[in-house]
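Text of upload.cif, listed as mmCIF, C-alpha atoms:
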```cif
data_start
#
loop_
_atom_site.label_atom_id
_atom_site.label_comp_id
_atom_site.auth_asym_id
_atom_site.auth_seq_id
_atom_site.Cartn_x
_atom_site.Cartn_y
_atom_site.Cartn_z
CA MET A 1 4.59 -9.81 -3.57
CA ARG A 2 0.92 -8.90 -3.75
CA GLU A 3 -0.87 -10.13 -6.88
CA LYS A 4 -2.35 -7.40 -9.10
CA ARG A 5 -5.51 -7.85 -11.13
CA LEU A 6 -7.03 -5.86 -13.96
CA SER A 7 -9.73 -3.76 -12.32
CA LEU A 8 -12.30 -1.21 -13.31
CA ILE A 9 -11.67 2.03 -11.42
CA ILE A 10 -14.35 4.71 -11.35
CA ALA A 11 -13.17 8.13 -10.14
CA PHE A 12 -15.41 10.84 -8.73
CA ASP A 13 -14.96 14.60 -8.55
CA ALA A 14 -16.56 14.90 -5.14
CA THR A 15 -15.95 12.82 -2.02
CA THR A 16 -19.68 13.02 -1.25
CA GLN A 17 -20.46 11.44 -4.65
CA ALA A 18 -17.97 8.61 -3.97
CA MET A 19 -19.53 7.97 -0.56
CA ALA A 20 -23.03 8.12 -2.06
CA ALA A 21 -21.94 5.59 -4.70
CA GLU A 22 -20.69 3.24 -1.98
CA LYS A 23 -23.94 3.55 -0.04
CA TYR A 24 -26.04 2.94 -3.16
CA CYS A 25 -23.96 0.01 -4.38
CA ILE A 26 -23.96 -1.72 -0.98
CA GLU A 27 -27.72 -1.24 -0.58
CA HIS A 28 -28.34 -2.63 -4.07
CA GLN A 29 -25.73 -5.40 -3.81
CA ILE A 30 -23.78 -4.00 -6.74
CA PRO A 31 -20.29 -5.54 -6.90
CA GLY A 32 -17.12 -3.68 -6.00
CA ARG A 33 -15.75 -1.56 -3.19
CA LEU A 34 -14.59 1.94 -2.39
CA ILE A 35 -10.80 2.38 -2.32
CA PRO A 36 -8.35 5.27 -2.22
CA VAL A 37 -7.67 6.29 -5.83
CA PRO A 38 -4.65 4.35 -7.11
CA ARG A 39 -1.52 6.47 -7.58
CA GLU A 40 -1.61 5.95 -11.35
CA ILE A 41 -4.79 8.02 -11.58
CA THR A 42 -4.37 11.68 -10.82
CA ALA A 43 -7.94 12.86 -11.38
CA GLY A 44 -10.72 12.87 -8.85
CA CYS A 45 -11.41 13.40 -5.19
CA GLY A 46 -9.18 10.68 -3.77
CA LEU A 47 -11.76 7.91 -3.58
CA ALA A 48 -12.73 5.49 -6.32
CA TRP A 49 -15.02 2.52 -6.87
CA LYS A 50 -13.10 -0.62 -7.74
CA ALA A 51 -14.82 -3.52 -9.49
CA SER A 52 -14.24 -6.20 -12.07
CA PRO A 53 -14.11 -4.89 -15.67
CA GLY A 54 -16.97 -7.27 -16.47
CA ASP A 55 -19.27 -5.28 -14.17
CA LYS A 56 -18.83 -2.03 -16.12
CA ALA A 57 -22.28 -1.99 -17.79
CA CYS A 58 -24.06 -2.86 -14.56
CA LEU A 59 -22.19 -0.13 -12.68
CA MET A 60 -22.81 2.55 -15.28
CA ALA A 61 -26.51 1.74 -15.23
CA ALA A 62 -26.58 1.79 -11.42
CA LEU A 63 -24.75 5.11 -11.12
CA ASP A 64 -27.04 6.64 -13.74
CA ALA A 65 -30.09 5.35 -11.91
CA ALA A 66 -28.81 6.77 -8.63
CA GLY A 67 -27.98 10.12 -10.22
CA ILE A 68 -24.37 9.87 -9.10
CA HIS A 69 -21.85 11.84 -11.08
CA TRP A 70 -18.58 10.11 -11.82
CA THR A 71 -15.56 11.64 -13.52
CA ALA A 72 -13.63 8.91 -15.28
CA MET A 73 -13.41 5.14 -15.71
CA HIS A 74 -10.11 3.36 -16.04
CA GLU A 75 -9.05 -0.26 -16.42
CA ILE A 76 -5.72 -0.76 -14.66
CA GLU A 77 -3.84 -3.41 -12.75
CA VAL A 78 -4.49 -2.92 -9.05
CA MET B 1 28.43 3.81 -20.26
CA ILE B 2 29.39 3.27 -16.63
CA GLN B 3 29.56 -0.15 -15.00
CA VAL B 4 28.88 -0.52 -11.29
CA ASN B 5 29.91 -3.58 -9.34
CA ALA B 6 27.55 -4.02 -6.40
CA MET B 7 28.10 -7.77 -5.99
CA GLY B 8 27.99 -8.68 -2.32
CA ASP B 9 26.44 -5.36 -1.38
CA THR B 10 23.20 -5.25 0.56
CA CYS B 11 20.53 -2.61 0.35
CA PRO B 12 20.90 0.35 0.11
CA VAL B 13 24.48 0.14 -1.19
CA PRO B 14 23.61 -0.94 -4.79
CA VAL B 15 21.20 2.00 -5.09
CA VAL B 16 23.75 4.40 -3.59
CA LYS B 17 26.49 3.25 -5.97
CA THR B 18 24.17 3.45 -8.96
CA LYS B 19 22.97 6.93 -8.05
CA ASN B 20 26.57 8.08 -7.75
CA ALA B 21 27.33 6.63 -11.20
CA ILE B 22 24.32 8.42 -12.69
CA ARG B 23 25.54 11.68 -11.22
CA ASP B 24 28.98 10.98 -12.71
CA LEU B 25 27.36 10.60 -16.14
CA ASN B 26 26.39 14.27 -15.86
CA GLY B 27 23.74 13.87 -18.55
CA ALA B 28 22.36 11.17 -20.81
CA GLY B 29 23.91 7.72 -20.82
CA VAL B 30 23.74 4.15 -19.61
CA VAL B 31 24.61 2.69 -16.23
CA GLU B 32 24.94 -1.07 -15.78
CA THR B 33 24.86 -2.39 -12.23
CA LEU B 34 25.81 -5.92 -11.26
CA VAL B 35 24.12 -7.27 -8.14
CA ASP B 36 23.79 -10.66 -6.49
CA ASN B 37 20.23 -10.60 -5.18
CA ALA B 38 16.70 -10.07 -6.46
CA ILE B 39 15.84 -7.51 -3.78
CA ALA B 40 18.55 -5.21 -5.13
CA VAL B 41 17.12 -5.66 -8.64
CA GLN B 42 13.67 -4.63 -7.37
CA ASN B 43 15.06 -1.59 -5.54
CA LEU B 44 17.06 -0.42 -8.55
CA THR B 45 14.08 -0.93 -10.87
CA LYS B 46 11.82 1.00 -8.54
CA MET B 47 14.30 3.85 -8.25
CA ALA B 48 14.59 4.00 -12.07
CA ASN B 49 10.81 4.04 -12.50
CA GLN B 50 10.47 6.83 -9.95
CA LYS B 51 13.08 8.91 -11.77
CA GLY B 52 11.75 8.15 -15.25
CA TYR B 53 14.88 6.32 -16.39
CA GLY B 54 14.64 3.42 -18.83
CA VAL B 55 15.34 0.17 -17.02
CA LYS B 56 15.71 -3.50 -17.79
CA SER B 57 17.26 -6.37 -15.91
CA GLU B 58 18.52 -9.80 -16.68
CA LYS B 59 19.59 -12.80 -14.66
CA LEU B 60 23.07 -13.74 -15.75
CA ALA B 61 23.50 -16.71 -13.44
CA GLU B 62 22.44 -17.91 -10.02
CA ASN B 63 22.96 -14.93 -7.69
CA ARG B 64 24.16 -12.70 -10.52
CA PHE B 65 21.93 -10.05 -12.06
CA LYS B 66 22.52 -7.07 -14.34
CA VAL B 67 20.34 -3.95 -14.17
CA ILE B 68 20.69 -1.57 -17.10
CA MET B 69 19.44 2.00 -16.71
CA THR B 70 19.18 4.40 -19.61
CA ILE B 71 19.21 8.03 -18.55
CA GLY B 72 17.74 10.39 -21.12
CA GLU B 73 18.66 14.02 -21.83
CA GLY B 74 16.98 16.26 -19.29
CA ALA B 75 16.21 13.42 -16.88
CA ALA B 76 16.18 14.42 -13.24
CA PRO B 77 19.52 13.68 -11.54
CA PRO B 78 19.22 11.47 -8.47
CA GLU B 79 18.98 13.39 -5.24
CA PRO B 80 21.65 12.92 -2.57
CA THR B 81 21.20 9.53 -1.04
CA GLN B 82 18.71 9.24 1.77
CA ASP B 83 17.25 6.40 3.76
CA GLU B 84 14.32 6.19 1.34
CA CYS B 85 16.53 4.64 -1.33
CA CYS B 86 15.97 1.27 0.32
CA LEU B 87 12.47 0.90 -1.03
CA ILE B 88 12.15 -2.82 -0.53
CA SER B 89 13.81 -4.30 2.51
CA PRO B 90 15.41 -7.72 2.40
CA PRO B 91 13.62 -10.29 4.56
CA GLY B 92 14.69 -10.08 8.15
CA THR B 93 15.60 -6.41 8.03
CA GLN B 94 12.06 -5.06 8.15
CA LYS B 95 11.38 -2.29 10.63
CA ASN B 96 9.20 -3.19 13.56
CA THR B 97 6.33 -0.96 12.53
CA VAL B 98 3.16 -1.11 14.64
CA ILE B 99 -0.10 0.40 13.46
CA VAL B 100 -2.33 1.42 16.36
CA ILE B 101 -6.05 1.69 15.65
CA ASP B 102 -8.09 3.06 18.53
CA ASP B 103 -11.21 4.15 16.67
CA ASP B 104 -13.29 3.06 13.71
CA ARG B 105 -12.89 6.55 12.25
CA MET B 106 -9.81 8.30 10.93
CA GLY B 107 -9.46 11.88 12.13
CA ASP B 108 -11.90 14.30 13.71
CA GLY B 109 -14.84 15.83 11.92
CA SER B 110 -17.46 13.93 9.98
CA ASP B 111 -18.12 10.42 11.32
CA ASP B 112 -19.13 9.17 7.87
CA LEU B 113 -16.00 10.55 6.25
CA GLY B 114 -13.86 9.25 9.13
CA LYS B 115 -15.19 5.72 8.63
CA THR B 116 -14.60 5.91 4.89
CA LEU B 117 -11.05 7.15 5.45
CA MET B 118 -10.28 4.38 7.94
CA LYS B 119 -11.48 1.73 5.49
CA GLY B 120 -9.29 3.32 2.85
CA PHE B 121 -6.30 3.42 5.20
CA ILE B 122 -6.56 -0.28 6.05
CA TYR B 123 -6.94 -1.12 2.34
CA ALA B 124 -3.89 1.02 1.52
CA LEU B 125 -1.78 -0.78 4.16
CA GLY B 126 -2.22 -3.96 2.14
CA GLN B 127 -0.91 -2.22 -0.98
CA LEU B 128 2.41 -1.21 0.60
CA ASP B 129 5.64 -2.81 -0.60
CA THR B 130 6.75 -3.11 3.00
CA LEU B 131 3.96 -4.25 5.26
CA PRO B 132 3.79 -3.28 8.93
CA LYS B 133 4.73 -5.95 11.43
CA MET B 134 1.62 -5.55 13.55
CA LEU B 135 -1.82 -4.00 13.76
CA LEU B 136 -2.97 -3.28 17.29
CA PHE B 137 -6.65 -2.61 17.94
CA TYR B 138 -8.01 -1.16 21.17
CA ASN B 139 -10.95 0.85 22.49
CA GLY B 140 -13.30 1.86 19.62
CA GLY B 141 -10.95 0.33 17.05
CA VAL B 142 -11.81 -3.26 18.03
CA VAL B 143 -15.12 -3.12 16.13
CA LEU B 144 -13.09 -3.17 12.91
CA ALA B 145 -11.88 -6.69 13.71
CA CYS B 146 -15.36 -7.96 14.57
CA GLU B 147 -18.39 -9.31 12.76
CA GLY B 148 -19.97 -6.72 10.51
CA SER B 149 -16.75 -4.77 9.97
CA PRO B 150 -16.23 -3.53 6.40
CA CYS B 151 -12.48 -4.16 6.83
CA LEU B 152 -12.50 -7.91 7.43
CA ASP B 153 -11.37 -8.91 3.91
CA ASP B 154 -8.45 -6.46 4.05
CA LEU B 155 -7.48 -7.52 7.58
CA ASN B 156 -7.62 -11.21 6.67
CA SER B 157 -5.44 -10.49 3.65
CA LEU B 158 -2.90 -8.62 5.80
CA GLN B 159 -2.88 -11.46 8.31
CA ALA B 160 -2.39 -14.01 5.53
CA GLN B 161 0.65 -12.00 4.38
CA GLY B 162 2.22 -12.32 7.83
CA VAL B 163 1.02 -9.19 9.59
CA ASN B 164 0.20 -9.87 13.24
CA ILE B 165 -3.16 -8.58 14.38
CA LEU B 166 -3.75 -8.12 18.09
CA VAL B 167 -7.06 -7.06 19.61
CA CYS B 168 -7.55 -5.78 23.17
CA GLY B 169 -9.53 -8.33 25.20
CA THR B 170 -10.64 -5.81 27.81
CA CYS B 171 -12.11 -3.69 25.03
CA LEU B 172 -13.91 -6.63 23.39
CA ASN B 173 -15.42 -7.40 26.79
CA PHE B 174 -16.45 -3.79 27.38
CA TYR B 175 -18.22 -3.51 24.02
CA ASP B 176 -19.70 -7.02 24.43
CA LEU B 177 -17.90 -8.17 21.27
CA ALA B 178 -15.91 -11.09 22.69
CA ASP B 179 -17.82 -13.66 20.64
CA LYS B 180 -17.83 -11.47 17.53
CA LEU B 181 -14.08 -11.32 16.88
CA GLN B 182 -13.38 -12.38 13.29
CA VAL B 183 -9.68 -11.68 12.77
CA GLY B 184 -6.61 -11.45 14.97
CA GLU B 185 -5.74 -12.65 18.43
CA VAL B 186 -7.02 -11.41 21.75
CA THR B 187 -4.34 -9.72 23.80
CA ASN B 188 -3.88 -7.90 27.11
CA MET B 189 -2.40 -4.62 28.30
CA TYR B 190 1.00 -6.15 29.12
CA VAL B 191 1.45 -7.28 25.53
CA ILE B 192 0.09 -3.96 24.25
CA ALA B 193 2.57 -2.05 26.45
CA GLU B 194 5.44 -4.34 25.43
CA THR B 195 4.56 -4.12 21.74
CA MET B 196 4.38 -0.35 21.74
CA THR B 197 7.55 0.22 23.77
CA GLN B 198 9.56 -2.17 21.58
CA ALA B 199 8.34 -0.80 18.24
CA ASP B 200 10.69 1.06 15.87
CA LEU B 201 7.77 3.07 14.61
CA ILE B 202 4.21 3.52 15.85
CA VAL B 203 1.66 4.80 13.37
CA LYS B 204 -1.74 6.01 14.48
CA PRO B 205 -4.08 6.97 11.63
#
```
Let me see the file written as structure tokens.
Amino acid sequence: MREKRLSLIIAFDATTQAMAAEKYCIEHQIPGRLIPVPREITAGCGLAWKASPGDKACLMAALDAAGIHWTAMHEIEV
Amino acid sequence: MIQVNAMGDTCPVPVVKTKNAIRDLNGAGVVETLVDNAIAVQNLTKMANQKGYGVKSEKLAENRFKVIMTIGEGAAPPEPTQDECCLISPPGTQKNTVIVIDDDRMGDGSDDLGKTLMKGFIYALGQLDTLPKMLLFYNGGVVLACEGSPCLDDLNSLQAQGVNILVCGTCLNFYDLADKLQVGEVTNMYVIAETMTQADLIVKP
């Protein structure tokens, strides 16, 4: 059985914002990856940024700097 | 309380018997099911979680488990039994599911969105309870198994979990990617034809 880990999940309202977040984070070597929104989370456009909970402050700062609008942050086992 | 004896029964029989017992309750109550394997425990637990029933299980002895479901007032009754009740298949009974990937994009329309969707699809495959038996890459799909692909971590993880990954050699040659393959084995059209004709299910995203 696949091992689950506590992860920070950032949901976006718009698919374009999620894709912009991925582009920005890759270009700026910000940790994490884009994934389909886990089933436990009903909000959002269907895509989410997944990272380690320890990277939360760094990610919030990066998304603010990039002007990317996110909807919700969750910490769940994924 | 209703007791169900599903000792010696293989999936999906324990789930079927338990669902029938829940229907017999005709309301709130408790159903205890005895099973002799951990797969049945997982399937019963998953069914209970999906239906919103309370569930706990205990190991009584080697090859003897008890799953206790608590059905609340107003809980949804189980639907008539369907194939989907076998949520987790015992080893050796897995369907021969082949995923065919012939492009680096999923669907028609925006290329950027298509690439994002394909990455998401390959990630989601690794989250399934029942993994596919094989991923087959050909034509434009082979780039996903090569250097620079954003899917390499997910493909390596799938391969490590026992999923076979085959990549069309003719296609690697055509795209000049033969020395860039990072995951999977090179294959030919005979194996591709054999794999697809012998599959129980072919999925093309």
- Query: Got a sec to pull out which chain B residues are within 12 Å of chain A, counting only C-alpha atoms, and send them as an MDAnalysis selection string?
  - Reply: chainID B and resid 39 42 88 110 112:131 150:151 153:154 157:158 160:162
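With CA of Leu201 in chain B on one side and CA of Val98 in chain B on the other, the separation reads 6.2 Å.
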Name the residues in contact with range 45-51 of chain B at a cut-off of 12 Å, using all atoms listed in the file, excluding same-chain residues fewer than 3 positions from it; report them as a PyMOL selection string.
chain B and resi 12+14-16+18-19+22+30-33+38-42+54-58+66-72+74-79+81+84-88+129
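Excluding Leu135 in chain B itself and same-chain residues fewer than 3 positions from it, the residues having an atom within 9 Å of it are Thr97, Val98, Ile99, Val100, Ile101, Pro132, Val163, Asn164, Ile165, Leu166, Val167 and Gly184 of chain B, counting all atoms listed in the file.
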So that I have them on file, write out the residues from the current selection with C-alpha atoms, as a short mmCIF file (atom, residue, chain, number, x, y, z; two decimals), in the coordinates of the input.
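Resulting contents of part30.cif:
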```
data_model
loop_
_atom_site.label_atom_id
_atom_site.label_comp_id
_atom_site.auth_asym_id
_atom_site.auth_seq_id
_atom_site.Cartn_x
_atom_site.Cartn_y
_atom_site.Cartn_z
CA THR B 97 6.33 -0.96 12.53
CA VAL B 98 3.16 -1.11 14.64
CA ILE B 99 -0.10 0.40 13.46
CA VAL B 100 -2.33 1.42 16.36
CA ILE B 101 -6.05 1.69 15.65
CA PRO B 132 3.79 -3.28 8.93
CA VAL B 163 1.02 -9.19 9.59
CA ASN B 164 0.20 -9.87 13.24
CA ILE B 165 -3.16 -8.58 14.38
CA LEU B 166 -3.75 -8.12 18.09
CA VAL B 167 -7.06 -7.06 19.61
CA GLY B 184 -6.61 -11.45 14.97
#
```
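What the PyMOL selection byres ((chain A and resi 49-65) around 8) picks from this file is Leu6, Ser7, Leu8, Ile9, Ile10, Ala11, Ala18, Ala21, Glu22, Cys25, Ile30, Pro31, Gly32, Arg33, Leu34, Ile35, Leu47, Ala48, Ala66, Gly67, Ile68, His69, Trp70 and Glu75 of chain A.
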Correct to one decimal, the distance CA of Lys23 in chain A-CA of Val203 in chain B is 28.9 Å
Atom pair CA of Asp13 in chain A + CA of Gly44 in chain A, distance 4.6 Å
Output check: residues returned by the PyMOL selection byres ((chain B and resi 7) around 8), as a ChimeraX atom specification
/B:5-6,8-9,34-36,64
